[in-house]
file model_36.pdb (PDB, C-alpha atoms, pLDDT in the B column)
ATOM      1  CA  MET A   1     -13.326   3.729  21.321  1.00 64.00           C
ATOM      2  CA  ALA A   2     -14.585   3.234  17.765  1.00 77.00           C
ATOM      3  CA  ILE A   3     -12.456   1.090  15.478  1.00 87.00           C
ATOM      4  CA  SER A   4     -12.621   0.725  11.730  1.00 91.00           C
ATOM      5  CA  ASN A   5     -12.310  -2.433   9.704  1.00 91.00           C
ATOM      6  CA  ASP A   6      -9.044  -1.086   8.289  1.00 91.00           C
ATOM      7  CA  ASP A   7      -7.694  -0.744  11.826  1.00 93.00           C
ATOM      8  CA  ILE A   8      -8.595  -4.356  12.550  1.00 94.00           C
ATOM      9  CA  MET A   9      -7.031  -5.579   9.310  1.00 93.00           C
ATOM     10  CA  ASP A  10      -3.797  -3.654   9.856  1.00 93.00           C
ATOM     11  CA  VAL A  11      -3.321  -4.881  13.425  1.00 95.00           C
ATOM     12  CA  SER A  12      -4.333  -8.436  12.528  1.00 94.00           C
ATOM     13  CA  LEU A  13      -1.841  -8.554   9.679  1.00 93.00           C
ATOM     14  CA  SER A  14       0.941  -7.312  11.962  1.00 94.00           C
ATOM     15  CA  LEU A  15       0.187  -9.873  14.671  1.00 95.00           C
ATOM     16  CA  PHE A  16      -0.438 -12.814  12.338  1.00 92.00           C
ATOM     17  CA  SER A  17       2.790 -12.066  10.443  1.00 91.00           C
ATOM     18  CA  GLN A  18       4.722 -12.045  13.721  1.00 92.00           C
ATOM     19  CA  ASN A  19       3.085 -14.933  15.549  1.00 92.00           C
ATOM     20  CA  GLY A  20       1.215 -16.949  12.935  1.00 89.00           C
ATOM     21  CA  TYR A  21      -2.458 -17.884  13.037  1.00 89.00           C
ATOM     22  CA  ASP A  22      -2.276 -20.267  15.987  1.00 88.00           C
ATOM     23  CA  GLY A  23      -0.101 -17.863  17.980  1.00 91.00           C
ATOM     24  CA  THR A  24      -2.524 -14.939  17.676  1.00 93.00           C
ATOM     25  CA  SER A  25      -5.815 -14.698  19.581  1.00 93.00           C
ATOM     26  CA  LEU A  26      -8.723 -12.299  19.267  1.00 94.00           C
ATOM     27  CA  GLN A  27      -7.759 -11.036  22.701  1.00 94.00           C
ATOM     28  CA  ASP A  28      -4.264 -10.215  21.400  1.00 95.00           C
ATOM     29  CA  ILE A  29      -5.796  -8.223  18.552  1.00 95.00           C
ATOM     30  CA  ALA A  30      -8.233  -6.451  20.880  1.00 94.00           C
ATOM     31  CA  ASP A  31      -5.438  -5.585  23.313  1.00 95.00           C
ATOM     32  CA  CYS A  32      -3.326  -4.118  20.521  1.00 95.00           C
ATOM     33  CA  LEU A  33      -6.306  -2.049  19.369  1.00 94.00           C
ATOM     34  CA  LYS A  34      -7.037  -1.042  22.991  1.00 94.00           C
ATOM     35  CA  VAL A  35     -10.632  -2.260  22.759  1.00 93.00           C
ATOM     36  CA  THR A  36     -12.584  -5.111  24.297  1.00 91.00           C
ATOM     37  CA  LYS A  37     -12.952  -8.434  22.552  1.00 91.00           C
ATOM     38  CA  GLY A  38     -16.662  -7.670  22.384  1.00 90.00           C
ATOM     39  CA  ALA A  39     -15.897  -4.671  20.178  1.00 89.00           C
ATOM     40  CA  LEU A  40     -14.208  -7.026  17.714  1.00 90.00           C
ATOM     41  CA  PHE A  41     -17.261  -9.284  17.671  1.00 90.00           C
ATOM     42  CA  LYS A  42     -19.255  -6.371  16.242  1.00 90.00           C
ATOM     43  CA  HIS A  43     -17.104  -6.769  13.118  1.00 92.00           C
ATOM     44  CA  TYR A  44     -16.242 -10.487  13.126  1.00 92.00           C
ATOM     45  CA  ASP A  45     -17.934 -13.255  15.052  1.00 91.00           C
ATOM     46  CA  SER A  46     -14.821 -15.456  15.224  1.00 91.00           C
ATOM     47  CA  LYS A  47     -11.095 -15.531  14.585  1.00 91.00           C
ATOM     48  CA  GLU A  48     -11.790 -17.699  11.529  1.00 89.00           C
ATOM     49  CA  ALA A  49     -14.077 -15.034  10.053  1.00 93.00           C
ATOM     50  CA  LEU A  50     -11.447 -12.347  10.643  1.00 93.00           C
ATOM     51  CA  TRP A  51      -8.779 -14.611   9.123  1.00 90.00           C
ATOM     52  CA  ASP A  52     -10.890 -15.202   6.010  1.00 88.00           C
ATOM     53  CA  ALA A  53     -11.417 -11.465   5.602  1.00 91.00           C
ATOM     54  CA  LEU A  54      -7.677 -10.839   5.992  1.00 88.00           C
ATOM     55  CA  ILE A  55      -6.797 -13.437   3.350  1.00 86.00           C
ATOM     56  CA  GLY A  56      -9.303 -11.809   1.008  1.00 86.00           C
ATOM     57  CA  LYS A  57      -7.667  -8.423   1.572  1.00 86.00           C
ATOM     58  CA  VAL A  58      -4.214  -9.912   0.963  1.00 81.00           C
ATOM     59  CA  GLU A  59      -5.395 -11.463  -2.310  1.00 77.00           C
ATOM     60  CA  ARG A  60      -6.830  -8.128  -3.478  1.00 82.00           C
ATOM     61  CA  TYR A  61      -3.720  -6.205  -2.465  1.00 81.00           C
ATOM     62  CA  TYR A  62      -1.442  -8.474  -4.445  1.00 73.00           C
ATOM     63  CA  GLY A  63      -3.793  -8.460  -7.392  1.00 71.00           C
ATOM     64  CA  GLU A  64      -3.757  -4.665  -7.450  1.00 76.00           C
ATOM     65  CA  HIS A  65       0.038  -4.353  -7.193  1.00 71.00           C
ATOM     66  CA  PHE A  66       1.501  -7.443  -8.847  1.00 63.00           C
ATOM     67  CA  GLY A  67      -1.058  -9.790 -10.296  1.00 53.00           C
ATOM     68  CA  LYS A  68      -1.816  -8.253 -13.675  1.00 55.00           C
ATOM     69  CA  VAL A  69       0.319  -7.276 -16.631  1.00 54.00           C
ATOM     70  CA  LYS A  70      -1.749  -4.109 -17.052  1.00 58.00           C
ATOM     71  CA  ASN A  71      -0.352  -2.907 -13.737  1.00 63.00           C
ATOM     72  CA  ILE A  72       3.113  -2.439 -15.213  1.00 73.00           C
ATOM     73  CA  PRO A  73       4.309  -0.621 -18.360  1.00 78.00           C
ATOM     74  CA  LEU A  74       5.841  -3.045 -20.852  1.00 88.00           C
ATOM     75  CA  PRO A  75       9.463  -1.915 -21.321  1.00 92.00           C
ATOM     76  CA  ASP A  76      10.740  -1.273 -24.838  1.00 93.00           C
ATOM     77  CA  THR A  77      14.445  -1.673 -24.037  1.00 94.00           C
ATOM     78  CA  LEU A  78      16.553  -3.823 -21.740  1.00 95.00           C
ATOM     79  CA  ASP A  79      17.630  -0.764 -19.783  1.00 95.00           C
ATOM     80  CA  LYS A  80      13.975  -0.002 -19.094  1.00 94.00           C
ATOM     81  CA  LEU A  81      13.451  -3.633 -18.073  1.00 95.00           C
ATOM     82  CA  LYS A  82      16.256  -3.282 -15.534  1.00 96.00           C
ATOM     83  CA  GLU A  83      14.735  -0.037 -14.226  1.00 94.00           C
ATOM     84  CA  LEU A  84      11.300  -1.655 -13.960  1.00 91.00           C
ATOM     85  CA  THR A  85      12.669  -4.693 -12.153  1.00 94.00           C
ATOM     86  CA  LEU A  86      14.631  -2.645  -9.635  1.00 94.00           C
ATOM     87  CA  ARG A  87      11.589  -0.455  -8.922  1.00 90.00           C
ATOM     88  CA  GLN A  88       9.554  -3.577  -8.217  1.00 89.00           C
ATOM     89  CA  VAL A  89      12.323  -5.002  -6.048  1.00 93.00           C
ATOM     90  CA  GLY A  90      12.481  -1.754  -4.074  1.00 92.00           C
ATOM     91  CA  PHE A  91       8.716  -1.722  -3.606  1.00 88.00           C
ATOM     92  CA  THR A  92       8.695  -5.377  -2.580  1.00 90.00           C
ATOM     93  CA  LEU A  93      11.450  -4.874  -0.021  1.00 93.00           C
ATOM     94  CA  HIS A  94      10.145  -1.644   1.494  1.00 92.00           C
ATOM     95  CA  ASP A  95       6.343  -1.601   1.288  1.00 89.00           C
ATOM     96  CA  GLU A  96       5.295  -2.456   4.856  1.00 90.00           C
ATOM     97  CA  THR A  97       2.133  -4.299   3.840  1.00 88.00           C
ATOM     98  CA  VAL A  98       3.996  -6.387   1.277  1.00 86.00           C
ATOM     99  CA  LYS A  99       6.708  -7.240   3.810  1.00 89.00           C
ATOM    100  CA  LYS A 100       4.178  -8.366   6.402  1.00 90.00           C
ATOM    101  CA  VAL A 101       2.171 -10.364   3.875  1.00 86.00           C
ATOM    102  CA  ARG A 102       5.286 -12.083   2.543  1.00 88.00           C
ATOM    103  CA  LYS A 103       6.240 -13.079   6.077  1.00 90.00           C
ATOM    104  CA  LEU A 104       2.698 -14.277   6.767  1.00 88.00           C
ATOM    105  CA  LEU A 105       2.661 -16.367   3.580  1.00 88.00           C
ATOM    106  CA  THR A 106       6.021 -17.886   4.482  1.00 89.00           C
ATOM    107  CA  ILE A 107       4.808 -18.819   7.973  1.00 87.00           C
ATOM    108  CA  GLU A 108       1.381 -20.158   7.031  1.00 88.00           C
ATOM    109  CA  GLN A 109       1.933 -21.737   3.597  1.00 89.00           C
ATOM    110  CA  PHE A 110       2.446 -25.184   5.123  1.00 90.00           C
ATOM    111  CA  ARG A 111      -0.545 -24.948   7.472  1.00 87.00           C
ATOM    112  CA  ASN A 112      -3.296 -23.244   5.506  1.00 84.00           C
ATOM    113  CA  GLU A 113      -4.464 -24.340   2.066  1.00 88.00           C
ATOM    114  CA  ARG A 114      -5.543 -20.872   0.931  1.00 82.00           C
ATOM    115  CA  MET A 115      -2.247 -19.393   2.079  1.00 83.00           C
ATOM    116  CA  SER A 116      -0.368 -22.182   0.297  1.00 90.00           C
ATOM    117  CA  THR A 117      -2.217 -21.413  -2.926  1.00 87.00           C
ATOM    118  CA  LEU A 118      -1.620 -17.686  -2.540  1.00 82.00           C
ATOM    119  CA  ALA A 119       2.081 -18.220  -1.771  1.00 86.00           C
ATOM    120  CA  THR A 120       2.533 -20.297  -4.932  1.00 88.00           C
ATOM    121  CA  LYS A 121       0.562 -17.752  -6.948  1.00 84.00           C
ATOM    122  CA  HIS A 122       2.544 -14.776  -5.672  1.00 81.00           C
ATOM    123  CA  PHE A 123       6.044 -16.208  -5.254  1.00 84.00           C
ATOM    124  CA  SER A 124       6.115 -17.873  -8.679  1.00 85.00           C
ATOM    125  CA  GLY A 125       2.975 -18.046 -10.831  1.00 86.00           C
ATOM    126  CA  ASP A 126       1.962 -14.403 -11.167  1.00 84.00           C
ATOM    127  CA  ILE A 127       5.436 -12.940 -11.392  1.00 87.00           C
ATOM    128  CA  GLU A 128       6.469 -15.463 -14.042  1.00 90.00           C
ATOM    129  CA  ALA A 129       3.323 -14.736 -16.058  1.00 89.00           C
ATOM    130  CA  ILE A 130       3.990 -11.005 -15.933  1.00 89.00           C
ATOM    131  CA  TYR A 131       7.614 -11.331 -17.027  1.00 93.00           C
ATOM    132  CA  SER A 132       6.757 -13.911 -19.662  1.00 94.00           C
ATOM    133  CA  ASP A 133       4.658 -11.213 -21.330  1.00 93.00           C
ATOM    134  CA  VAL A 134       7.479  -8.699 -20.810  1.00 94.00           C
ATOM    135  CA  PHE A 135      10.005 -10.951 -22.554  1.00 96.00           C
ATOM    136  CA  ALA A 136       7.537 -11.790 -25.341  1.00 95.00           C
ATOM    137  CA  HIS A 137       7.092  -8.045 -25.899  1.00 94.00           C
ATOM    138  CA  LEU A 138      10.872  -7.515 -26.013  1.00 95.00           C
ATOM    139  CA  MET A 139      11.275 -10.420 -28.458  1.00 95.00           C
ATOM    140  CA  LYS A 140       8.627  -8.921 -30.720  1.00 94.00           C
ATOM    141  CA  ASN A 141      10.593  -5.654 -30.703  1.00 93.00           C
ATOM    142  CA  GLY A 142      13.859  -7.449 -31.462  1.00 94.00           C
ATOM    143  CA  LYS A 143      15.443  -6.577 -28.113  1.00 94.00           C
ATOM    144  CA  VAL A 144      15.747 -10.162 -26.880  1.00 94.00           C
ATOM    145  CA  LYS A 145      16.868 -13.262 -28.741  1.00 90.00           C
ATOM    146  CA  THR A 146      13.978 -15.457 -29.815  1.00 87.00           C
ATOM    147  CA  ASP A 147      13.417 -18.054 -27.124  1.00 86.00           C
ATOM    148  CA  ASN A 148      10.787 -19.479 -24.793  1.00 93.00           C
ATOM    149  CA  SER A 149       9.476 -16.404 -22.995  1.00 95.00           C
ATOM    150  CA  SER A 150       8.134 -18.466 -20.065  1.00 95.00           C
ATOM    151  CA  LEU A 151      11.508 -20.080 -19.421  1.00 95.00           C
ATOM    152  CA  LEU A 152      13.252 -16.731 -19.733  1.00 96.00           C
ATOM    153  CA  ALA A 153      10.838 -15.299 -17.173  1.00 95.00           C
ATOM    154  CA  LEU A 154      11.498 -18.187 -14.799  1.00 95.00           C
ATOM    155  CA  GLY A 155      15.271 -17.880 -15.154  1.00 96.00           C
ATOM    156  CA  TYR A 156      15.100 -14.122 -14.697  1.00 97.00           C
ATOM    157  CA  THR A 157      12.738 -13.924 -11.713  1.00 96.00           C
ATOM    158  CA  ALA A 158      13.486 -17.038  -9.631  1.00 95.00           C
ATOM    159  CA  PRO A 159      16.920 -15.875  -8.379  1.00 96.00           C
ATOM    160  CA  ILE A 160      15.493 -12.437  -7.597  1.00 96.00           C
ATOM    161  CA  THR A 161      12.680 -13.981  -5.556  1.00 94.00           C
ATOM    162  CA  MET A 162      15.221 -16.133  -3.723  1.00 95.00           C
ATOM    163  CA  LEU A 163      17.348 -13.091  -2.898  1.00 96.00           C
ATOM    164  CA  ILE A 164      14.342 -11.121  -1.662  1.00 95.00           C
ATOM    165  CA  HIS A 165      13.607 -13.927   0.801  1.00 94.00           C
ATOM    166  CA  PHE A 166      17.276 -13.806   1.794  1.00 95.00           C
ATOM    167  CA  ALA A 167      16.874 -10.087   2.524  1.00 95.00           C
ATOM    168  CA  ASP A 168      13.838 -10.868   4.684  1.00 93.00           C
ATOM    169  CA  ARG A 169      15.925 -13.250   6.780  1.00 93.00           C
ATOM    170  CA  GLU A 170      18.992 -11.009   6.961  1.00 95.00           C
ATOM    171  CA  PRO A 171      17.855  -7.389   6.466  1.00 94.00           C
ATOM    172  CA  GLN A 172      21.280  -6.088   7.517  1.00 96.00           C
ATOM    173  CA  LYS A 173      22.595  -7.466   4.198  1.00 97.00           C
ATOM    174  CA  GLU A 174      20.012  -5.682   2.035  1.00 96.00           C
ATOM    175  CA  LYS A 175      22.542  -3.414   0.287  1.00 96.00           C
ATOM    176  CA  GLU A 176      24.726  -6.396  -0.611  1.00 97.00           C
ATOM    177  CA  ILE A 177      21.681  -8.361  -1.792  1.00 97.00           C
ATOM    178  CA  ILE A 178      20.469  -5.526  -4.023  1.00 97.00           C
ATOM    179  CA  GLU A 179      23.919  -5.400  -5.625  1.00 97.00           C
ATOM    180  CA  LYS A 180      23.713  -9.148  -6.253  1.00 98.00           C
ATOM    181  CA  ILE A 181      20.282  -8.672  -7.843  1.00 97.00           C
ATOM    182  CA  LYS A 182      21.756  -5.974 -10.103  1.00 97.00           C
ATOM    183  CA  GLU A 183      24.606  -8.309 -11.089  1.00 97.00           C
ATOM    184  CA  HIS A 184      22.126 -11.047 -11.926  1.00 98.00           C
ATOM    185  CA  ILE A 185      19.975  -8.687 -14.028  1.00 97.00           C
ATOM    186  CA  GLU A 186      22.969  -7.304 -15.910  1.00 96.00           C
ATOM    187  CA  TYR A 187      24.450 -10.717 -16.632  1.00 96.00           C
ATOM    188  CA  PHE A 188      21.128 -12.252 -17.657  1.00 96.00           C
ATOM    189  CA  LEU A 189      20.300  -9.405 -20.030  1.00 95.00           C
ATOM    190  CA  SER A 190      23.805  -9.378 -21.507  1.00 94.00           C
ATOM    191  CA  VAL A 191      23.328 -13.050 -22.415  1.00 94.00           C
ATOM    192  CA  CYS A 192      19.768 -12.988 -23.776  1.00 93.00           C
ATOM    193  CA  GLY A 193      19.687  -9.467 -25.211  1.00 91.00           C
ATOM    194  CA  ASN A 194      20.369  -8.371 -28.776  1.00 85.00           C
ATOM    195  CA  ASN A 195      23.129  -5.859 -27.923  1.00 67.00           C
ATOM    196  CA  ASP A 196      20.605  -3.462 -26.423  1.00 54.00           C
ATOM    197  CA  PHE A 197      21.966  -3.345 -22.891  1.00 55.00           C
ATOM    198  CA  THR A 198      24.265  -0.427 -22.044  1.00 56.00           C
ATOM    199  CA  ASP A 199      26.389  -1.945 -19.271  1.00 52.00           C
ATOM    200  CA  ASP A 200      29.668  -2.901 -20.985  1.00 45.00           C
ATOM    201  CA  ASN A 201      30.954  -4.748 -17.935  1.00 47.00           C
ATOM    202  CA  THR A 202      28.193  -7.301 -17.670  1.00 43.00           C
ATOM    203  CA  ALA A 203      29.839  -9.822 -19.989  1.00 41.00           C
ATOM    204  CA  GLU A 204      32.621 -10.122 -17.427  1.00 43.00           C
ATOM    205  CA  THR A 205      30.250 -10.328 -14.440  1.00 40.00           C
ATOM    206  CA  VAL A 206      29.208 -13.892 -13.749  1.00 39.00           C
ATOM    207  CA  SER A 207      26.975 -13.985 -10.709  1.00 40.00           C
ATOM    208  CA  GLY A 208      27.129 -16.806  -8.212  1.00 41.00           C
ATOM    209  CA  LEU A 209      23.546 -17.549  -9.202  1.00 40.00           C
ATOM    210  CA  THR A 210      24.719 -18.572 -12.647  1.00 38.00           C
ATOM    211  CA  LEU A 211      27.266 -20.926 -11.175  1.00 36.00           C
ATOM    212  CA  LEU A 212      24.442 -22.514  -9.209  1.00 38.00           C
ATOM    213  CA  GLY A 213      22.635 -23.195 -12.469  1.00 40.00           C
ATOM    214  CA  MET A 214      19.790 -20.833 -11.593  1.00 38.00           C
ATOM    215  CA  VAL A 215      19.974 -18.772 -14.787  1.00 35.00           C
TER     216      VAL A 215
END

call {"tool": "encode", "arguments": {"input": "model_36.pdb", "output": "structure tokens"}}
result
Amino acid sequence: MAISNDDIMDVSLSLFSQNGYDGTSLQDIADCLKVTKGALFKHYDSKEALWDALIGKVERYYGEHFGKVKNIPLPDTLDKLKELTLRQVGFTLHDETVKKVRKLLTIEQFRNERMSTLATKHFSGDIEAIYSDVFAHLMKNGKVKTDNSSLLALGYTAPITMLIHFADREPQKEKEIIEKIKEHIEYFLSVCGNNDFTDDNTAETVSGLTLLGMV
């Protein structure tokens, strides 16, 4: 049976995200693909080589979907910022590759230096950089009070990232978590916006995240 490199990458990602690097063998991957281990060696001469190729694919995937400001339209209003954020949250929660990669990063970030670097880059660095530019754009257009755009981005995105990880751990609470993310967005934008946000109830909605000092 012929197998493609994409087949190998997809199965490897699934198994590594479930069992971690040490808990996954080439034989496990071959068995899942219904091929011999020798067939895998035609593509990769070791588990380390396959692992390196998988990390490279993960880095490219995140770069294509999240890592660059040009990948997202800069919103001109706070309502459009909310819409953009919720679309990204939905994609992050439901894209199967993203879900598996996030789990893999969480498992391996303390055991693999490249995964640790990628986890830091994805979970905080890139997303903060993107939203720093978003808030700078909104400030320039007078939609957000003049402030430090980097700190605004951190205060805006960190609770959302935390809640996404919460949803990973307890997927049965996803609906409740999405509502909490909406509350956080609405409250945050009601505080930092220049009367551009349409939700009249947000001034009365103080999320538990605020009480924790996270925004």

call {"tool": "axis_aligned_box", "arguments": {"input": "model_36.pdb", "around": "stretch 98-117 of chain A", "padding_each_side": "8 Å", "output": "lines of an AutoDock Vina configuration file"}}
result
center_x = 0.6
center_y = -15.8
center_z = 2.5
size_x = 28.3
size_y = 34.8
size_z = 26.9

call {"tool": "resolve_selection", "arguments": {"input": "model_36.pdb", "expression": "the PyMOL selection byres ((chain A and resi 100) around 9)", "output": "list in words"}}
result
Leu13, Ser14, Phe16, Ser17, Gln18, Asp95, Glu96, Thr97, Val98, Lys99, Val101, Arg102, Lys103, Leu104 and Leu105 of chain A

call {"tool": "closest_residue", "arguments": {"input": "model_36.pdb", "among": "A:Tyr156, A:Phe91, A:Tyr21, A:Tyr44", "to": "A:Phe135", "atoms": "all atoms listed in the file"}}
result
A:Tyr156

call {"tool": "resolve_selection", "arguments": {"input": "model_36.pdb", "expression": "the PyMOL selection byres ((chain A and resi 50) around 12)", "output": "number ranges by chain"}}
result
A: 5-6, 8-13, 16, 21, 24-26, 29, 40-49, 51-57

call {"tool": "write_last_selection", "arguments": {"input": "model_36.pdb", "atoms": "C-alpha atoms", "output": "PDB file, in the frame of the given file"}}
result
ATOM      1  CA  ASN A   5     -12.310  -2.433   9.704  1.00 91.00           C
ATOM      2  CA  ASP A   6      -9.044  -1.086   8.289  1.00 91.00           C
ATOM      3  CA  ILE A   8      -8.595  -4.356  12.550  1.00 94.00           C
ATOM      4  CA  MET A   9      -7.031  -5.579   9.310  1.00 93.00           C
ATOM      5  CA  ASP A  10      -3.797  -3.654   9.856  1.00 93.00           C
ATOM      6  CA  VAL A  11      -3.321  -4.881  13.425  1.00 95.00           C
ATOM      7  CA  SER A  12      -4.333  -8.436  12.528  1.00 94.00           C
ATOM      8  CA  LEU A  13      -1.841  -8.554   9.679  1.00 93.00           C
ATOM      9  CA  PHE A  16      -0.438 -12.814  12.338  1.00 92.00           C
ATOM     10  CA  TYR A  21      -2.458 -17.884  13.037  1.00 89.00           C
ATOM     11  CA  THR A  24      -2.524 -14.939  17.676  1.00 93.00           C
ATOM     12  CA  SER A  25      -5.815 -14.698  19.581  1.00 93.00           C
ATOM     13  CA  LEU A  26      -8.723 -12.299  19.267  1.00 94.00           C
ATOM     14  CA  ILE A  29      -5.796  -8.223  18.552  1.00 95.00           C
ATOM     15  CA  LEU A  40     -14.208  -7.026  17.714  1.00 90.00           C
ATOM     16  CA  PHE A  41     -17.261  -9.284  17.671  1.00 90.00           C
ATOM     17  CA  LYS A  42     -19.255  -6.371  16.242  1.00 90.00           C
ATOM     18  CA  HIS A  43     -17.104  -6.769  13.118  1.00 92.00           C
ATOM     19  CA  TYR A  44     -16.242 -10.487  13.126  1.00 92.00           C
ATOM     20  CA  ASP A  45     -17.934 -13.255  15.052  1.00 91.00           C
ATOM     21  CA  SER A  46     -14.821 -15.456  15.224  1.00 91.00           C
ATOM     22  CA  LYS A  47     -11.095 -15.531  14.585  1.00 91.00           C
ATOM     23  CA  GLU A  48     -11.790 -17.699  11.529  1.00 89.00           C
ATOM     24  CA  ALA A  49     -14.077 -15.034  10.053  1.00 93.00           C
ATOM     25  CA  TRP A  51      -8.779 -14.611   9.123  1.00 90.00           C
ATOM     26  CA  ASP A  52     -10.890 -15.202   6.010  1.00 88.00           C
ATOM     27  CA  ALA A  53     -11.417 -11.465   5.602  1.00 91.00           C
ATOM     28  CA  LEU A  54      -7.677 -10.839   5.992  1.00 88.00           C
ATOM     29  CA  ILE A  55      -6.797 -13.437   3.350  1.00 86.00           C
ATOM     30  CA  GLY A  56      -9.303 -11.809   1.008  1.00 86.00           C
ATOM     31  CA  LYS A  57      -7.667  -8.423   1.572  1.00 86.00           C
TER      32      LYS A  57
END

call {"tool": "resolve_selection", "arguments": {"input": "model_36.pdb", "expression": "the PyMOL selection byres ((chain A and resi 150) around 10)", "output": "list in words"}}
result
Glu128, Ala129, Ile130, Tyr131, Ser132, Asp133, Val134, Phe135, Ala136, Asp147, Asn148, Ser149, Leu151, Leu152, Ala153, Leu154, Gly155 and Tyr156 of chain A

call {"tool": "atom_distance", "arguments": {"input": "model_36.pdb", "atom1": "atom CA of A:His122", "atom2": "atom CA of A:Lys175"}}
result
23.8 Å

call {"tool": "closest_residue", "arguments": {"input": "model_36.pdb", "among": "A:Asn19, A:Asn141, A:Thr77, A:Ser4", "to": "A:Thr106", "atoms": "all atoms listed in the file"}}
result
A:Asn19

call {"tool": "closest_residue", "arguments": {"input": "model_36.pdb", "among": "A:Leu138, A:Gln109, A:Lys34, A:Lys121", "to": "A:Leu74", "atoms": "all atoms listed in the file"}}
result
A:Leu138
